[in-house]
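What follows is one structure encoded as structure tokens, with my remarks underneath.
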Protein chains: 4
Amino acid sequence: MELNLNADLGESFGPWKMGDDSALLPIIGSASIACGFHAGDALVMRRTLHAARKTGVSIGAHPSFPDLQGFGRRPMHLAADELQAMILYQLGALVGMAGVEGLAMTHVKPHGALNNMACEDGALALRIAKAVKTFDPALILLAPAGSLLAEAGAQESLRVAGEVFADRAYTDAGTLVPRSQPGAVLNRTDESVAHVMRMLDAGGIVSQSGKRLPVSFHSICVHGDNAHAVEVARAVRAALEKAGCALKPLPQLAALRQPSGA
Amino acid sequence: MELNLNADLGESFGPWKMGDDSALLPIIGSASIACGFHAGDALVMRRTLHAARKTGVSIGAHPSFPDLQGFGRRPMHLAADELQAMILYQLGALVGMAGVEGLAMTHVKPHGALNNMACEDGALALRIAKAVKTFDPALILLAPAGSLLAEAGAQESLRVAGEVFADRAYTDAGTLVPRSQPGAVLNRTDESVAHVMRMLDAGGIVSQSGKRLPVSFHSICVHGDNAHAVEVARAVRAALEKAGCALKPLPQLAALRQPSGA
Amino acid sequence: MELNLNADLGESFGPWKMGDDSALLPIIGSASIACGFHAGDALVMRRTLHAARKTGVSIGAHPSFPDLQGFGRRPMHLAADELQAMILYQLGALVGMAGVEGLAMTHVKPHGALNNMACEDGALALRIAKAVKTFDPALILLAPAGSLLAEAGAQESLRVAGEVFADRAYTDAGTLVPRSQPGAVLNRTDESVAHVMRMLDAGGIVSQSGKRLPVSFHSICVHGDNAHAVEVARAVRAALEKAGCALKPLPQLAALRQPSGA
Amino acid sequence: MELNLNADLGESFGPWKMGDDSALLPIIGSASIACGFHAGDALVMRRTLHAARKTGVSIGAHPSFPDLQGFGRRPMHLAADELQAMILYQLGALVGMAGVEGLAMTHVKPHGALNNMACEDGALALRIAKAVKTFDPALILLAPAGSLLAEAGAQESLRVAGEVFADRAYTDAGTLVPRSQPGAVLNRTDESVAHVMRMLDAGGIVSQSGKRLPVSFHSICVHGDNAHAVEVARAVRAALEKAGCALKPLPQLAALRQPSGA
């Protein structure tokens, strides 16, 4: 069986550091890189791309609402043409900088509130999927498994990689338990590993209550800004490999080699 | 004889308008488009590119120091790697958005203080030229004729388009008379036309005092943010055409069809 | 009868101009000044305050969501403590700069989406009213007449000045007709004058359909960013004076000399 | 003998943390708080002020060039009226927010490049001192001992607190050894303690080469963003107390109770 491990990288800004990118890079298969709207200035992007190149991960853009202080986690409501333009701008910036490093951008994963809102708002999801397709129809959309965002990507004939989260609990509806609720975040490494293995066995999302949702997924997200993210990533990787999973960059997954519409 | 008319476009921001881009576009041959650092948000860029496509102008990036409030006119001192990353970021954003409109970015013209400083600081000029070359060695560098920036471009084997300004007076050293001095800006349309024709006749810059500097130029800049920019642009264009000049987009100038180092 | 004319001023930013503040200042009685979050950098604020001092208008803060590019018109969702801190920051900045000009800030009027959302969201309205009161309980809250924001101000024992808009049509519910609907904005000067006089006669809001809503108001807003704002302001002022209204700065209105809770 | 320990606090931003403010607060006597231009958003300021209030430190503003990404460390060149407006804006924001916590702002310490440039540029120093005086002539200017900034403060009859740095080496001219040179930063706690005690004994700055500069100082800065800042602060404080120094907030130092011009 093939799977992908992904993390969000390049989320430092100016003098401020976030995450331990250099420790995560050798563990993961794909990196979603902040594009300057919620984190990651031009120099941080450059350095992140440079570091990514050395490890062979596949890279993607991690576009966001324009909200540095709120880290892109505040819900915003942008006009459709404005949101599209902002996504194109961020993708362009990353593609351009990646090219200088000899890297190709192969996926897009919306960040924070943009991602969360698109998972439950089909119209917003479609706007994102269309922007990605307009930019480059060969891009993979990395979206929460079973979400409206994943659905919108498929509808636009993008290749869609469904992701599940190693450190987040799910509701019976297959959405993330809000951070404000108890148990939303799995703080212990063993919890995360067990959660992932349970989903692997079930072949889908397993909710907090134990409900199984038959949603196929291709990638497991290990959050980069978590205090013990590196430890979790390592443990999840080890467990998956022990279970016989082949861990690969997104574009190398057999399931994603053809457009979803093909 | 062939010449190019260029203007800086897309310098509105959010709710604030600047310049009359739609009136200038049919007059000029090449547009340098703000990339969001001194002006021009993603939506303004998108709309400017869309409008540019309809007129057949060639387009370039107009990268700047990161200084929206100061409109990129404040001298800043950035570390070499940071400046390079910022230039790459801006070029990438414009190339990406241009591609969506089916447009190719063919030149780069630094904006404001970044441009001014590079005209007199060879090390800074070289850093800019190297960043442009790193991004794409086929790009044309649009730089003030006879400046250290133009020289740096040539040194890096970029094609360099020398520009003179229709509405700015020159010192005997071939630099722009600072805006703080009398006569720095030519406010009347007939003055600008006479200034341009004088330089055309002289085959080089003609200073405020009448001194001739034998510096070849390929393009004439008509400032987009000037109150009567459109009138000046029209009058300069008419005068040049009457004098038998063929006005073309930058990449179509015979003089720029080969790399300067070739 | 006493009334106030108010306008939003200081909404230029860096090199970009908005509104004709110097023409409006002699016409209005009170100015709400942008505080840098949606418009108005420090220098614009300084100059606006300086100009305001010469005309004797009363001044207030016009705080906003942090959204320069969107001009504070995009709905945002901020945590309660964050929103409060942002309001305090903006009020502090304006008070401090006003003090240097020998001016006292006497009112607060939220801007754009913050204002609109607070008119229909009682919890948000209360958060704003509490922030204003925390800063200075003597401040007047300038809020749309009959709105939840006006109500929240009264609940917090702030003096509340109800405002109506000279150039905006009202629904039968007393809210503004959304800009996306026909007739939302009264574009002709005579329409605005008639609208204002109708409300003056009715002693309350008169909706698009002619319905009368008995809501007391103290101030009439003439938008500063409207193309013919100055003409409208002049005409409304002339009509009110002809009708025998005494036009005064907000703190001089008899109705506002005591706290609303008194 | 009386002395003050000061640190720069509130330099986190949005999701990014910097420094260990809560550990430093009980050790220092005065805190210079970032005002949002180089660090410290409104919520960070609010929380920093709240924490400061509990410990009894005196507080001051730490205004900066507008340069979040560069952390205010990049040299900038602003027009005189613009710089003054920016300083007033930042002081206003801090005074307003401090007032809500029942705190009075009693000093101003320019940050980063603004501070460094003002130490060697008398005209800039004077502009800063005038801005501070314009805002409130009772404010203490906390400036590097012996610098042109300190001199400018005295010239404007401000009370000036001269500061020396616990963790930075000095040149024979009494300026800081640039960070690019070896030994510029004292990395070991014992080095910092020895450095401070040497200056205490000498009654002035002691340079890297051992030269004594008879410059009076009132305060010792322990940098908040240093990895082991807390340890250094504690050790310096202990050494000073052991040597019989009374450590006090700036406004309680006998030497600063009267204006320098008195």
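Residues are named by chain letter and number: chains run A, B, ... in the order of the structure tokens, numbers start at 1 in each chain, and ligands are numbered from 1 in the order shown.
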
Distance table requested - chain D against chain A, cut-off 6 Å, only C-alpha atoms: one row per qualifying residue with the closest atom pair and its distance in Å to one decimal, ordered by chain and rising residue number, as a tab-separated table.
residue	atom	partner	partner_atom	distance
D:Gly14	CA	A:Gln69	CA	4.4
D:Trp16	CA	A:Trp16	CA	5.9
D:Gln69	CA	A:Gly14	CA	4.4
D:Gly70	CA	A:Gly14	CA	5.9

Write the residues you've just listed into a file as a PDB file, in the first residue's frame, and include C-alpha atoms for each of them.
ATOM      1  CA  GLY D  14       0.440  37.142  16.028  1.00  0.00           C
ATOM      2  CA  TRP D  16       4.953  33.984  16.737  1.00  0.00           C
ATOM      3  CA  GLN D  69       9.441  41.696   8.473  1.00  0.00           C
ATOM      4  CA  GLY D  70      12.817  43.325   9.104  1.00  0.00           C
TER       5      GLY D  70
END

Q: Would you please extract all strand (DSSP E) residues from region 44-88 of chain A, as assigned by DSSP on the backbone, and give them as a VMD selection string?
A: chain A and resid 58 to 62

Output file for the residues above (N, CA, C and O atoms, as a PDB file, in the first residue's frame):
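Generated file (again.pdb):
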ATOM      1  N   SER A  58       8.294  16.305  -2.500  1.00  0.00           N
ATOM      2  CA  SER A  58       7.581  17.092  -3.507  1.00  0.00           C
ATOM      3  C   SER A  58       7.048  18.332  -2.804  1.00  0.00           C
ATOM      4  O   SER A  58       6.805  18.317  -1.597  1.00  0.00           O
ATOM      5  N   ILE A  59       6.915  19.396  -3.563  1.00  0.00           N
ATOM      6  CA  ILE A  59       6.482  20.635  -2.905  1.00  0.00           C
ATOM      7  C   ILE A  59       5.177  21.149  -3.501  1.00  0.00           C
ATOM      8  O   ILE A  59       4.858  20.927  -4.661  1.00  0.00           O
ATOM      9  N   GLY A  60       4.465  21.861  -2.622  1.00  0.00           N
ATOM     10  CA  GLY A  60       3.215  22.469  -3.024  1.00  0.00           C
ATOM     11  C   GLY A  60       3.077  23.838  -2.398  1.00  0.00           C
ATOM     12  O   GLY A  60       3.839  24.203  -1.500  1.00  0.00           O
ATOM     13  N   ALA A  61       2.127  24.604  -2.907  1.00  0.00           N
ATOM     14  CA  ALA A  61       1.849  25.916  -2.339  1.00  0.00           C
ATOM     15  C   ALA A  61       0.827  25.778  -1.223  1.00  0.00           C
ATOM     16  O   ALA A  61      -0.048  24.911  -1.276  1.00  0.00           O
ATOM     17  N   HIS A  62       0.944  26.632  -0.237  1.00  0.00           N
ATOM     18  CA  HIS A  62       0.043  26.626   0.911  1.00  0.00           C
ATOM     19  C   HIS A  62      -0.580  28.020   0.999  1.00  0.00           C
ATOM     20  O   HIS A  62      -0.283  28.788   1.912  1.00  0.00           O
TER      21      HIS A  62
END

Q: Calculate how many Å separate CA of Leu240 (chain D) from CA of Arg53 (chain D), rounding to one decimal.
A: 24.0 Å

Q: Could you give me, as an NGL selection string, the residues within 10 Å of His195 (chain A), counting only C-alpha atoms and dropping anything in the same chain fewer than 6 positions from it?
A: :A and (165-169 or 186 or 189 or 205-208 or 236)

Q: For CA of Arg47 (chain A) and CA of Pro137 (chain B), determine how far apart the two atoms are, in Å to one decimal place.
A: 21.8 Å

Name the residues of region 109-213 of chain D that come out as helix (DSSP H, G or I) in a backbone DSSP run; write them as a tab-separated table (two decimals) with N, CA and C atoms, in the first residue's frame.
chain	number	residue	atom	x	y	z
D	112	GLY	N	15.92	49.45	17.52
D	112	GLY	CA	16.65	48.94	16.37
D	112	GLY	C	17.38	49.97	15.54
D	113	ALA	N	17.12	49.94	14.23
D	113	ALA	CA	17.83	50.82	13.31
D	113	ALA	C	17.53	52.29	13.60
D	114	LEU	N	16.33	52.57	14.05
D	114	LEU	CA	15.99	53.96	14.39
D	114	LEU	C	16.89	54.44	15.52
D	115	ASN	N	17.09	53.61	16.50
D	115	ASN	CA	17.96	53.93	17.62
D	115	ASN	C	19.42	54.04	17.16
D	116	ASN	N	19.87	53.02	16.46
D	116	ASN	CA	21.27	53.00	16.02
D	116	ASN	C	21.62	54.21	15.16
D	117	MET	N	20.73	54.51	14.21
D	117	MET	CA	21.00	55.63	13.32
D	117	MET	C	21.01	56.96	14.09
D	118	ALA	N	20.10	57.07	15.07
D	118	ALA	CA	20.01	58.32	15.83
D	118	ALA	C	21.21	58.53	16.74
D	119	CYS	N	21.90	57.44	17.07
D	119	CYS	CA	23.09	57.58	17.93
D	119	CYS	C	24.24	58.25	17.19
D	120	GLU	N	24.18	58.20	15.86
D	120	GLU	CA	25.29	58.76	15.09
D	120	GLU	C	24.85	59.84	14.11
D	122	GLY	N	22.96	63.33	14.33
D	122	GLY	CA	22.42	64.35	15.24
D	122	GLY	C	21.08	64.91	14.79
D	123	ALA	N	20.91	65.06	13.48
D	123	ALA	CA	19.65	65.63	12.98
D	123	ALA	C	18.49	64.67	13.23
D	124	LEU	N	18.74	63.39	12.98
D	124	LEU	CA	17.71	62.39	13.25
D	124	LEU	C	17.41	62.32	14.74
D	125	ALA	N	18.48	62.35	15.54
D	125	ALA	CA	18.32	62.31	17.00
D	125	ALA	C	17.44	63.46	17.47
D	126	LEU	N	17.66	64.62	16.92
D	126	LEU	CA	16.90	65.80	17.33
D	126	LEU	C	15.43	65.66	16.93
D	127	ARG	N	15.21	65.08	15.76
D	127	ARG	CA	13.82	64.88	15.31
D	127	ARG	C	13.08	63.95	16.27
D	128	ILE	N	13.78	62.91	16.71
D	128	ILE	CA	13.16	61.98	17.67
D	128	ILE	C	12.89	62.69	18.99
D	129	ALA	N	13.90	63.41	19.48
D	129	ALA	CA	13.75	64.09	20.77
D	129	ALA	C	12.61	65.12	20.71
D	130	LYS	N	12.51	65.81	19.60
D	130	LYS	CA	11.43	66.80	19.45
D	130	LYS	C	10.06	66.11	19.41
D	131	ALA	N	9.99	64.98	18.74
D	131	ALA	CA	8.71	64.25	18.68
D	131	ALA	C	8.29	63.82	20.08
D	132	VAL	N	9.25	63.31	20.86
D	132	VAL	CA	8.96	62.88	22.22
D	132	VAL	C	8.50	64.07	23.06
D	133	LYS	N	9.21	65.17	22.93
D	133	LYS	CA	8.86	66.37	23.70
D	133	LYS	C	7.49	66.91	23.29
D	134	THR	N	7.23	66.89	22.00
D	134	THR	CA	5.93	67.36	21.49
D	134	THR	C	4.80	66.53	22.07
D	135	PHE	N	5.07	65.24	22.21
D	135	PHE	CA	4.03	64.35	22.74
D	135	PHE	C	3.82	64.62	24.22
D	148	LEU	N	24.63	60.56	20.44
D	148	LEU	CA	24.01	61.79	19.96
D	148	LEU	C	22.52	61.82	20.29
D	149	LEU	N	21.93	60.65	20.43
D	149	LEU	CA	20.51	60.61	20.80
D	149	LEU	C	20.33	61.12	22.23
D	150	ALA	N	21.21	60.68	23.12
D	150	ALA	CA	21.15	61.17	24.50
D	150	ALA	C	21.37	62.68	24.53
D	151	GLU	N	22.32	63.13	23.73
D	151	GLU	CA	22.63	64.55	23.66
D	151	GLU	C	21.43	65.36	23.16
D	152	ALA	N	20.77	64.82	22.14
D	152	ALA	CA	19.61	65.52	21.58
D	152	ALA	C	18.50	65.63	22.62
D	153	GLY	N	18.33	64.57	23.40
D	153	GLY	CA	17.32	64.61	24.45
D	153	GLY	C	17.62	65.72	25.45
D	154	ALA	N	18.87	65.81	25.85
D	154	ALA	CA	19.26	66.86	26.80
D	154	ALA	C	19.03	68.24	26.20
D	155	GLN	N	19.37	68.36	24.94
D	155	GLN	CA	19.20	69.64	24.25
D	155	GLN	C	17.73	70.07	24.22
D	189	THR	N	27.05	34.27	30.32
D	189	THR	CA	26.50	35.04	31.43
D	189	THR	C	27.61	35.69	32.24
D	190	ASP	N	28.68	34.97	32.52
D	190	ASP	CA	29.74	35.52	33.36
D	190	ASP	C	30.44	36.70	32.66
D	191	GLU	N	30.54	36.61	31.33
D	191	GLU	CA	31.10	37.74	30.58
D	191	GLU	C	30.25	38.99	30.76
D	192	SER	N	28.95	38.83	30.66
D	192	SER	CA	28.05	39.96	30.79
D	192	SER	C	28.15	40.57	32.19
D	193	VAL	N	28.17	39.70	33.18
D	193	VAL	CA	28.26	40.20	34.55
D	193	VAL	C	29.57	40.96	34.75
D	194	ALA	N	30.67	40.39	34.27
D	194	ALA	CA	31.98	41.04	34.43
D	194	ALA	C	31.99	42.39	33.70
D	195	HIS	N	31.40	42.42	32.51
D	195	HIS	CA	31.32	43.63	31.68
D	195	HIS	C	30.57	44.73	32.44
D	196	VAL	N	29.43	44.36	33.01
D	196	VAL	CA	28.62	45.35	33.74
D	196	VAL	C	29.38	45.84	34.97
D	197	MET	N	29.99	44.94	35.69
D	197	MET	CA	30.67	45.33	36.92
D	197	MET	C	31.88	46.23	36.61
D	198	ARG	N	32.53	45.93	35.51
D	198	ARG	CA	33.66	46.76	35.09
D	198	ARG	C	33.19	48.19	34.80
D	199	MET	N	32.05	48.30	34.14
D	199	MET	CA	31.54	49.63	33.82
D	199	MET	C	31.05	50.34	35.08
D	200	LEU	N	30.51	49.57	36.01
D	200	LEU	CA	30.07	50.15	37.27
D	200	LEU	C	31.26	50.72	38.02
D	201	ASP	N	32.34	49.94	38.08
D	201	ASP	CA	33.56	50.40	38.76
D	201	ASP	C	34.15	51.63	38.08
D	202	ALA	N	34.14	51.57	36.74
D	202	ALA	CA	34.77	52.66	35.98
D	202	ALA	C	33.91	53.91	35.97

(Q) Given only C-alpha atoms as the basis, pick out the residue of D:Ala34, D:Ala138, D:Ala104, D:Met86 nearest to Leu158 (chain D). (A)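 Checking each of D:Ala34, D:Ala138, D:Ala104, D:Met86 against Leu158 (chain D), counting only C-alpha atoms, the winner is D:Ala138.
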